[in-house]
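target_11.csv follows (CSV, C-alpha atoms):
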```csv
chain,number,residue,atom,x,y,z
V,757,MET,CA,113.8,73.0,76.3
V,758,ALA,CA,113.5,71.3,79.7
V,759,MET,CA,114.9,74.3,81.5
V,760,PHE,CA,112.4,76.6,79.6
V,761,LYS,CA,109.5,74.4,80.7
V,762,LEU,CA,110.8,74.5,84.3
V,763,PHE,CA,111.1,78.3,84.2
V,764,PHE,CA,107.6,78.6,82.7
V,765,ALA,CA,106.1,76.3,85.4
V,766,LEU,CA,107.7,78.3,88.2
V,767,LEU,CA,106.5,81.5,86.6
V,768,LEU,CA,102.9,80.2,86.5
V,769,LEU,CA,103.2,79.0,90.1
V,770,CYS,CA,104.4,82.5,91.3
V,771,THR,CA,101.7,84.2,89.2
V,772,SER,CA,99.0,81.9,90.6
V,773,THR,CA,99.9,82.5,94.2
V,774,TYR,CA,100.7,86.2,94.1
V,775,GLY,CA,97.8,88.2,95.6
V,776,ALA,CA,98.7,91.8,96.2
V,777,LYS,CA,101.5,94.1,97.2
V,778,PHE,CA,100.9,96.2,100.2
V,779,THR,CA,103.0,99.4,100.5
V,780,PHE,CA,103.1,101.3,103.8
V,781,VAL,CA,103.9,105.0,103.7
V,782,ASN,CA,104.5,107.2,106.7
V,783,LYS,CA,103.8,110.8,106.2
V,784,CYS,CA,103.4,111.5,109.9
V,785,GLU,CA,105.8,113.8,111.7
V,786,TYR,CA,106.8,110.9,113.9
V,787,THR,CA,107.7,107.2,113.6
V,788,VAL,CA,104.9,104.7,113.2
V,789,TRP,CA,105.2,101.0,113.9
V,790,PRO,CA,102.8,99.1,111.7
V,791,GLY,CA,101.2,96.0,113.2
V,792,ILE,CA,99.9,93.1,111.1
V,793,LEU,CA,97.5,90.3,112.0
V,794,ALA,CA,96.6,87.6,109.5
V,795,GLY,CA,93.1,86.3,109.5
V,796,SER,CA,92.2,82.8,110.7
V,797,GLY,CA,93.4,80.1,108.2
V,798,THR,CA,95.7,82.5,106.2
V,799,PRO,CA,99.5,82.5,106.5
V,800,PRO,CA,101.4,85.4,108.2
V,801,LEU,CA,103.2,87.8,106.0
V,802,GLU,CA,107.0,88.1,106.2
V,803,THR,CA,106.7,90.3,109.2
V,804,THR,CA,104.0,90.9,111.9
V,805,GLY,CA,105.3,94.4,112.8
V,806,PHE,CA,108.1,96.8,111.9
V,807,GLU,CA,109.4,100.3,112.4
V,808,LEU,CA,108.5,102.9,109.7
V,809,PRO,CA,110.4,106.1,110.2
V,810,GLN,CA,108.9,109.5,109.1
V,811,GLN,CA,108.8,109.9,105.3
V,812,SER,CA,109.7,106.2,104.6
V,813,SER,CA,107.9,103.3,103.0
V,814,ARG,CA,108.1,99.5,102.9
V,815,SER,CA,106.3,96.9,100.7
V,816,LEU,CA,105.1,93.4,101.6
V,817,GLN,CA,103.6,90.8,99.3
V,818,ALA,CA,100.5,88.7,100.2
V,819,PRO,CA,99.2,85.5,98.5
V,820,ASN,CA,95.8,85.1,96.9
V,821,GLY,CA,93.1,84.5,99.5
V,822,TRP,CA,95.0,86.3,102.3
V,823,SER,CA,93.0,88.2,104.8
V,824,GLY,CA,94.0,90.3,107.8
V,825,ARG,CA,94.3,93.7,109.2
V,826,PHE,CA,96.9,96.5,109.5
V,827,TRP,CA,97.3,99.3,112.0
V,828,GLY,CA,99.8,101.9,113.1
V,829,ARG,CA,101.3,101.9,116.6
V,830,THR,CA,102.6,105.2,118.0
V,831,GLY,CA,104.8,106.3,120.8
V,832,CYS,CA,106.6,103.0,120.9
V,833,LYS,CA,109.7,102.3,122.9
V,834,PHE,CA,111.8,99.2,122.0
V,835,ASN,CA,115.3,99.5,123.3
V,836,GLY,CA,116.3,95.8,123.5
V,837,THR,CA,116.8,95.8,127.2
V,838,GLY,CA,113.4,94.4,128.0
V,839,PRO,CA,109.8,94.2,126.9
V,840,GLY,CA,108.8,97.3,124.9
V,841,SER,CA,105.4,99.0,124.5
V,842,CYS,CA,103.5,101.6,122.5
V,843,SER,CA,101.3,104.5,123.6
V,844,THR,CA,98.5,103.6,121.2
V,845,ALA,CA,97.4,100.5,119.4
V,846,ASP,CA,99.9,98.3,121.3
V,847,CYS,CA,99.8,94.6,120.4
V,848,GLY,CA,101.1,93.5,123.8
V,849,SER,CA,103.9,91.4,122.5
V,850,GLY,CA,106.6,93.5,124.0
V,851,GLN,CA,108.4,93.4,120.7
V,852,VAL,CA,108.4,95.2,117.4
V,853,GLU,CA,106.9,92.0,115.9
V,854,CYS,CA,103.3,91.5,117.0
V,855,ASN,CA,103.6,87.7,116.7
V,856,GLY,CA,99.9,87.0,116.1
V,857,ALA,CA,98.5,89.5,118.5
V,858,GLY,CA,96.0,92.2,117.5
V,859,ALA,CA,95.8,95.9,118.4
V,860,ALA,CA,94.6,97.1,121.7
V,861,PRO,CA,91.9,99.7,121.1
V,862,PRO,CA,91.6,102.5,120.3
V,863,ALA,CA,93.1,101.8,116.9
V,864,THR,CA,92.4,102.8,113.3
V,865,LEU,CA,92.3,99.6,111.3
V,866,ALA,CA,92.7,98.7,107.6
V,867,GLU,CA,91.1,95.3,106.8
V,868,PHE,CA,91.5,93.2,103.7
V,869,THR,CA,90.2,89.9,102.2
V,870,LEU,CA,92.0,89.2,99.0
V,871,GLY,CA,90.4,87.3,96.1
V,872,SER,CA,91.2,83.7,95.4
V,873,GLY,CA,92.9,84.6,92.1
V,874,SER,CA,90.3,83.0,89.9
V,875,GLN,CA,88.8,85.2,87.2
V,876,GLY,CA,86.5,87.8,88.6
V,877,SER,CA,87.4,87.1,92.2
V,878,GLN,CA,87.3,90.4,94.1
V,879,ASP,CA,89.3,91.8,97.0
V,880,PHE,CA,87.3,93.4,99.8
V,881,TYR,CA,88.8,96.2,101.9
V,882,ASP,CA,87.8,98.8,104.4
V,883,VAL,CA,89.1,101.2,107.1
V,884,SER,CA,87.4,100.8,110.4
V,885,LEU,CA,86.9,103.0,113.4
V,886,VAL,CA,84.7,100.4,115.2
V,887,ASP,CA,87.6,99.9,117.6
V,888,GLY,CA,88.2,103.6,117.9
V,889,TYR,CA,90.8,105.9,116.4
V,890,ASN,CA,94.5,106.6,117.0
V,891,LEU,CA,95.8,108.2,113.7
V,892,PRO,CA,94.8,109.2,110.2
V,893,MET,CA,95.0,106.5,107.6
V,894,ILE,CA,93.9,105.9,104.0
V,895,VAL,CA,94.0,102.9,101.7
V,896,GLU,CA,94.4,103.4,97.9
V,897,ALA,CA,94.2,100.8,95.2
V,898,SER,CA,96.3,100.8,92.1
V,899,GLY,CA,96.2,98.6,89.0
V,900,GLY,CA,92.8,97.1,89.7
V,901,SER,CA,90.7,95.9,86.8
V,902,SER,CA,87.1,96.0,88.2
V,903,GLY,CA,85.1,97.0,91.3
V,904,MET,CA,85.0,100.4,92.8
V,905,CYS,CA,88.8,100.4,93.6
V,906,ALA,CA,88.1,103.6,95.5
V,907,ALA,CA,90.3,105.2,98.2
V,908,THR,CA,89.0,104.9,101.7
V,909,GLY,CA,90.0,105.9,105.1
V,910,CYS,CA,90.1,108.8,107.6
V,911,VAL,CA,92.1,111.9,106.8
V,912,THR,CA,90.7,114.0,109.7
V,913,ASP,CA,92.6,114.0,113.0
V,914,LEU,CA,89.8,112.8,115.2
V,915,ASN,CA,91.9,113.3,118.3
V,916,LYS,CA,91.3,117.0,117.9
V,917,TYR,CA,87.5,116.5,117.9
V,918,CYS,CA,87.1,113.6,120.2
V,919,PRO,CA,84.4,114.1,122.9
V,920,ASP,CA,85.9,114.2,126.4
V,921,GLU,CA,84.1,111.0,127.4
V,922,LEU,CA,85.9,109.1,124.6
V,923,LYS,CA,89.3,110.6,125.0
V,924,VAL,CA,92.3,108.5,126.1
V,925,SER,CA,93.9,110.2,129.1
V,926,ASN,CA,96.8,111.7,127.1
V,927,GLY,CA,94.6,112.7,124.1
V,928,ASP,CA,96.6,110.5,121.7
V,929,ALA,CA,93.6,108.4,120.8
V,930,CYS,CA,89.8,108.4,120.8
V,931,LYS,CA,87.8,105.4,122.1
V,932,SER,CA,84.7,103.9,120.5
V,933,ALA,CA,81.5,104.3,122.4
V,934,CYS,CA,81.5,100.5,122.9
V,935,GLU,CA,84.8,100.6,124.6
V,936,ALA,CA,84.0,103.7,126.7
V,937,PHE,CA,80.6,102.6,127.9
V,938,GLY,CA,80.3,98.8,127.2
V,939,LYS,CA,76.5,99.0,126.5
V,940,PRO,CA,74.9,96.6,124.0
V,941,GLU,CA,73.4,99.5,122.0
V,942,TYR,CA,76.9,100.8,121.4
V,943,CYS,CA,78.5,97.4,120.9
V,944,CYS,CA,75.8,95.9,118.7
V,945,SER,CA,75.6,92.9,121.1
V,946,GLY,CA,72.8,91.1,123.0
V,947,ALA,CA,69.4,92.3,121.9
V,948,HIS,CA,71.2,94.8,119.5
V,949,ASN,CA,73.2,92.3,117.5
V,950,THR,CA,71.4,92.7,114.1
V,951,PRO,CA,71.4,95.6,111.6
V,952,ASP,CA,67.7,96.2,112.5
V,953,THR,CA,68.3,96.6,116.2
V,954,CYS,CA,71.7,98.3,116.2
V,955,LYS,CA,71.7,101.8,114.8
V,956,PRO,CA,74.5,104.3,114.7
V,957,SER,CA,74.9,106.2,118.0
V,958,VAL,CA,75.6,109.9,118.2
V,959,TYR,CA,79.2,109.0,118.6
V,960,ALA,CA,79.2,106.8,115.5
V,961,ALA,CA,77.5,109.7,113.6
V,962,LEU,CA,80.4,112.0,114.7
V,963,PHE,CA,83.0,109.5,113.4
V,964,LYS,CA,81.0,109.2,110.1
V,965,MET,CA,80.7,112.9,109.6
V,966,ALA,CA,84.4,113.3,109.9
V,967,CYS,CA,85.4,110.2,107.9
V,968,SER,CA,82.5,109.3,105.6
V,969,ARG,CA,84.0,106.2,104.0
V,970,ALA,CA,85.3,104.6,107.2
V,971,TYR,CA,83.3,102.1,109.3
V,972,SER,CA,81.8,104.0,112.2
V,973,TYR,CA,79.9,101.1,113.8
V,974,ALA,CA,79.5,97.3,113.3
V,975,TYR,CA,76.8,97.4,110.6
V,976,ASP,CA,78.1,100.3,108.6
V,977,ASP,CA,78.8,98.0,105.6
V,978,GLN,CA,76.8,99.8,102.8
V,979,THR,CA,79.0,102.9,102.7
V,980,SER,CA,82.3,101.4,104.0
V,981,THR,CA,83.2,98.2,102.2
V,982,PHE,CA,85.0,98.5,98.9
V,983,THR,CA,86.0,96.0,96.2
V,984,CYS,CA,88.7,95.7,93.6
V,985,THR,CA,90.2,93.0,91.4
V,986,GLY,CA,93.9,92.4,90.8
V,987,ALA,CA,95.1,95.5,92.6
V,988,ASP,CA,98.0,96.5,94.8
V,989,TYR,CA,97.3,98.7,97.8
V,990,THR,CA,99.0,101.6,99.5
V,991,ILE,CA,98.3,102.2,103.2
V,992,THR,CA,99.3,105.8,104.1
V,993,PHE,CA,99.6,107.1,107.7
V,994,CYS,CA,98.9,110.8,108.1
V,995,PRO,CA,98.0,111.3,104.4
V,996,SER,CA,97.9,114.8,102.8
V,997,ILE,CA,95.1,114.0,100.5
V,998,PRO,CA,92.3,116.6,100.6
V,999,THR,CA,89.3,115.6,102.7
V,1000,SER,CA,87.0,116.4,99.7
V,1001,GLN,CA,88.4,113.3,98.0
V,1002,LEU,CA,87.2,110.9,100.7
```

Encoding of this model in structure tokens:
Amino acid sequence: MAMFKLFFALLLLCTSTYGAKFTFVNKCEYTVWPGILAGSGTPPLETTGFELPQQSSRSLQAPNGWSGRFWGRTGCKFNGTGPGSCSTADCGSGQVECNGAGAAPPATLAEFTLGSGSQGSQDFYDVSLVDGYNLPMIVEASGGSSGMCAATGCVTDLNKYCPDELKVSNGDACKSACEAFGKPEYCCSGAHNTPDTCKPSVYAALFKMACSRAYSYAYDDQTSTFTCTGADYTITFCPSIPTSQL
């Protein structure tokens, strides 16, 4: 009986702390190195970066209340003989692990805040192009009990349609207007730091037209933040889902 009570107590503990399983899938025609940055006050996951070969997947578990962001690095070279780097979305650690560093823009970002685990506590998630774009990515929820639980992301290869003034020199990524020009009206800063004074630019409108559910600028919340309760999430790089479904 004592052993049964101990097992039951451990089961309750595991259940109460389990938040969500994140599964990363690479459907690109090249290797992707996902980067992971935990939000302030939440613990890091079991890894902060890893190699994800073409047509492979990997799952990680996160506790209730976890928040953070994921992104895909491309063109990385880590050979063990010295600091490595990536062509896009590099985190600057010089290693496969990002070790608490974020992505250098331009980078397509998936952002999450998991619920606390209490009844009715929702997860919030989005895919953001506010820091620019480097590769297609979607987020799909499974097993959720309430909320929209909708797929979101950017299936379109924006690098093919990126305006010349936003292109990274090798054409592997597309800058945000904020990064390219640094003006307050593009960065939603200074006198433009409210929803009323910062409106979508022609560049944000271009991003939104191509990827209607992704954040295109800082105050794009209404059409770009999604909720779900008790779900697991799949983050797919270079998905094959039809654009009509996003």

Selection: 10 Å around Asn915 in chain V, all atoms listed in the file, excl. self and same-chain fewer than 2 positions, as a PyMOL selection string: chain V and resi 889-892+912-913+917-919+922-924+927-931

Within 9 Å of range 858-866 of chain V, counting all atoms listed in the file, which residues qualify if same-chain residues fewer than 4 places away don't, as a count of residues only? 39

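Between Leu816 in chain V and the candidates V:Ser968, V:Ser872, V:Thr979, V:Thr803, the tightest atom-to-atom separation, counting all atoms listed in the file, involves V:Thr803.
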
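When all atoms listed in the file are used to compute distances to Glu941 in chain V, the closest of the residues V:Gln878, V:Asn855, V:Ser901, V:Ser957 turns out to be V:Ser957.
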
With only C-alpha atoms as the counted atoms, please give the residues lying no more than 10 Å from range 973-975 of chain V, apart from itself and same-chain residues fewer than 2 positions off, as a PyMOL selection string. chain V and resi 884-888+932-934+942-945+949-952+954-957+959-961+963-964+970-971+977-980

Export C-alpha atoms of the chosen residues as a short mmCIF file (atom, residue, chain, number, x, y, z; two decimals), in the frame of the given file?
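The new file again-v8.cif reads:
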```cif
data_model
loop_
_atom_site.label_atom_id
_atom_site.label_comp_id
_atom_site.auth_asym_id
_atom_site.auth_seq_id
_atom_site.Cartn_x
_atom_site.Cartn_y
_atom_site.Cartn_z
CA SER V 884 87.40 100.80 110.40
CA LEU V 885 86.90 103.00 113.40
CA VAL V 886 84.70 100.40 115.20
CA ASP V 887 87.60 99.90 117.60
CA GLY V 888 88.20 103.60 117.90
CA SER V 932 84.70 103.90 120.50
CA ALA V 933 81.50 104.30 122.40
CA CYS V 934 81.50 100.50 122.90
CA TYR V 942 76.90 100.80 121.40
CA CYS V 943 78.50 97.40 120.90
CA CYS V 944 75.80 95.90 118.70
CA SER V 945 75.60 92.90 121.10
CA ASN V 949 73.20 92.30 117.50
CA THR V 950 71.40 92.70 114.10
CA PRO V 951 71.40 95.60 111.60
CA ASP V 952 67.70 96.20 112.50
CA CYS V 954 71.70 98.30 116.20
CA LYS V 955 71.70 101.80 114.80
CA PRO V 956 74.50 104.30 114.70
CA SER V 957 74.90 106.20 118.00
CA TYR V 959 79.20 109.00 118.60
CA ALA V 960 79.20 106.80 115.50
CA ALA V 961 77.50 109.70 113.60
CA PHE V 963 83.00 109.50 113.40
CA LYS V 964 81.00 109.20 110.10
CA ALA V 970 85.30 104.60 107.20
CA TYR V 971 83.30 102.10 109.30
CA ASP V 977 78.80 98.00 105.60
CA GLN V 978 76.80 99.80 102.80
CA THR V 979 79.00 102.90 102.70
CA SER V 980 82.30 101.40 104.00
#
```

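Between Asp988 in chain V and the residues V:Gly938, V:Gly900, V:Gly797, V:Gly946, the shortest atom-to-atom distance, using all atoms listed in the file, involves V:Gly900.
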
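CA of Phe834 in chain V to CA of Ala857 in chain V spans 16.8 Å [interatomic distance, one decimal].
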
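Picture a line from CA of Gly775 in chain V to CA of Glu807 in chain V; it runs 23.7 Å.
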
Let me make sure I understand: among V:Glu785, V:Glu867, V:Asp920, V:Glu853, which one has the smallest atom-to-atom distance to Phe982 in chain V if we use only C-alpha atoms? V:Glu867

Identify, on the basis of all atoms listed in the file, every residue whose closest approach to Gly831 in chain V does not exceed 9 Å; exclude the query and any residue fewer than 5 positions from it along the same chain; express the result as a PyMOL selection string. chain V and resi 786-789+841-844

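What separates CA of Ser972 in chain V from CA of Cys784 in chain V is a distance of 23.0 Å.
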
Provide range 950-961 of chain V rebuilt to all heavy atoms, formatted as a short mmCIF file (atom, residue, chain, number, x, y, z; two decimals), in the frame of the given file.
```
data_model
loop_
_atom_site.label_atom_id
_atom_site.label_comp_id
_atom_site.auth_asym_id
_atom_site.auth_seq_id
_atom_site.Cartn_x
_atom_site.Cartn_y
_atom_site.Cartn_z
N THR V 950 71.79 92.82 115.53
CA THR V 950 71.40 92.70 114.10
C THR V 950 71.37 94.14 113.53
O THR V 950 71.29 95.13 114.26
CB THR V 950 69.99 92.11 113.97
OG1 THR V 950 69.01 93.04 114.47
CG2 THR V 950 69.88 90.79 114.71
N PRO V 951 71.42 94.23 112.20
CA PRO V 951 71.40 95.60 111.60
C PRO V 951 70.08 96.32 111.90
O PRO V 951 70.07 97.55 111.93
CB PRO V 951 71.43 95.24 110.07
CG PRO V 951 72.12 93.93 110.01
CD PRO V 951 71.68 93.17 111.22
N ASP V 952 68.99 95.59 112.17
CA ASP V 952 67.70 96.20 112.50
C ASP V 952 67.67 96.81 113.89
O ASP V 952 66.96 97.79 114.14
CB ASP V 952 66.55 95.26 112.28
CG ASP V 952 66.33 94.91 110.82
OD1 ASP V 952 66.64 95.75 109.95
OD2 ASP V 952 65.86 93.79 110.55
N THR V 953 68.40 96.17 114.79
CA THR V 953 68.30 96.60 116.20
C THR V 953 69.52 97.42 116.64
O THR V 953 69.48 98.02 117.73
CB THR V 953 68.18 95.38 117.12
OG1 THR V 953 69.29 94.49 116.91
CG2 THR V 953 66.88 94.63 116.84
N CYS V 954 70.58 97.45 115.84
CA CYS V 954 71.70 98.30 116.20
C CYS V 954 71.88 99.42 115.21
O CYS V 954 72.23 99.21 114.04
CB CYS V 954 73.02 97.44 116.22
SG CYS V 954 74.42 98.34 116.94
N LYS V 955 71.60 100.58 115.65
CA LYS V 955 71.70 101.80 114.80
C LYS V 955 72.85 102.64 115.22
O LYS V 955 73.35 102.54 116.35
CB LYS V 955 70.37 102.58 114.93
CG LYS V 955 69.12 101.80 114.54
CD LYS V 955 69.20 101.32 113.09
CE LYS V 955 67.94 100.55 112.69
NZ LYS V 955 68.03 100.03 111.30
N PRO V 956 73.33 103.50 114.34
CA PRO V 956 74.50 104.30 114.70
C PRO V 956 74.15 105.28 115.85
O PRO V 956 73.10 105.93 115.86
CB PRO V 956 74.77 105.10 113.40
CG PRO V 956 73.53 105.01 112.59
CD PRO V 956 72.90 103.71 112.94
N SER V 957 75.04 105.34 116.82
CA SER V 957 74.90 106.20 118.00
C SER V 957 75.31 107.64 117.56
O SER V 957 75.85 107.86 116.48
CB SER V 957 75.72 105.74 119.13
OG SER V 957 77.10 105.88 118.81
N VAL V 958 75.12 108.58 118.45
CA VAL V 958 75.60 109.90 118.20
C VAL V 958 77.08 109.98 118.04
O VAL V 958 77.62 110.80 117.28
CB VAL V 958 75.09 110.89 119.34
CG1 VAL V 958 75.72 110.49 120.67
CG2 VAL V 958 75.42 112.33 119.01
N TYR V 959 77.77 109.05 118.71
CA TYR V 959 79.20 109.00 118.60
C TYR V 959 79.64 108.42 117.24
O TYR V 959 80.59 108.92 116.60
CB TYR V 959 79.82 108.18 119.73
CG TYR V 959 79.49 108.74 121.09
CD1 TYR V 959 78.53 108.13 121.90
CD2 TYR V 959 80.12 109.88 121.56
CE1 TYR V 959 78.23 108.65 123.15
CE2 TYR V 959 79.82 110.41 122.81
CZ TYR V 959 78.87 109.78 123.60
OH TYR V 959 78.56 110.31 124.83
N ALA V 960 78.94 107.38 116.80
CA ALA V 960 79.20 106.80 115.50
C ALA V 960 78.93 107.85 114.39
O ALA V 960 79.66 107.95 113.40
CB ALA V 960 78.38 105.56 115.24
N ALA V 961 77.87 108.63 114.58
CA ALA V 961 77.50 109.70 113.60
C ALA V 961 78.63 110.74 113.55
O ALA V 961 78.94 111.26 112.47
CB ALA V 961 76.19 110.32 113.99
#
```
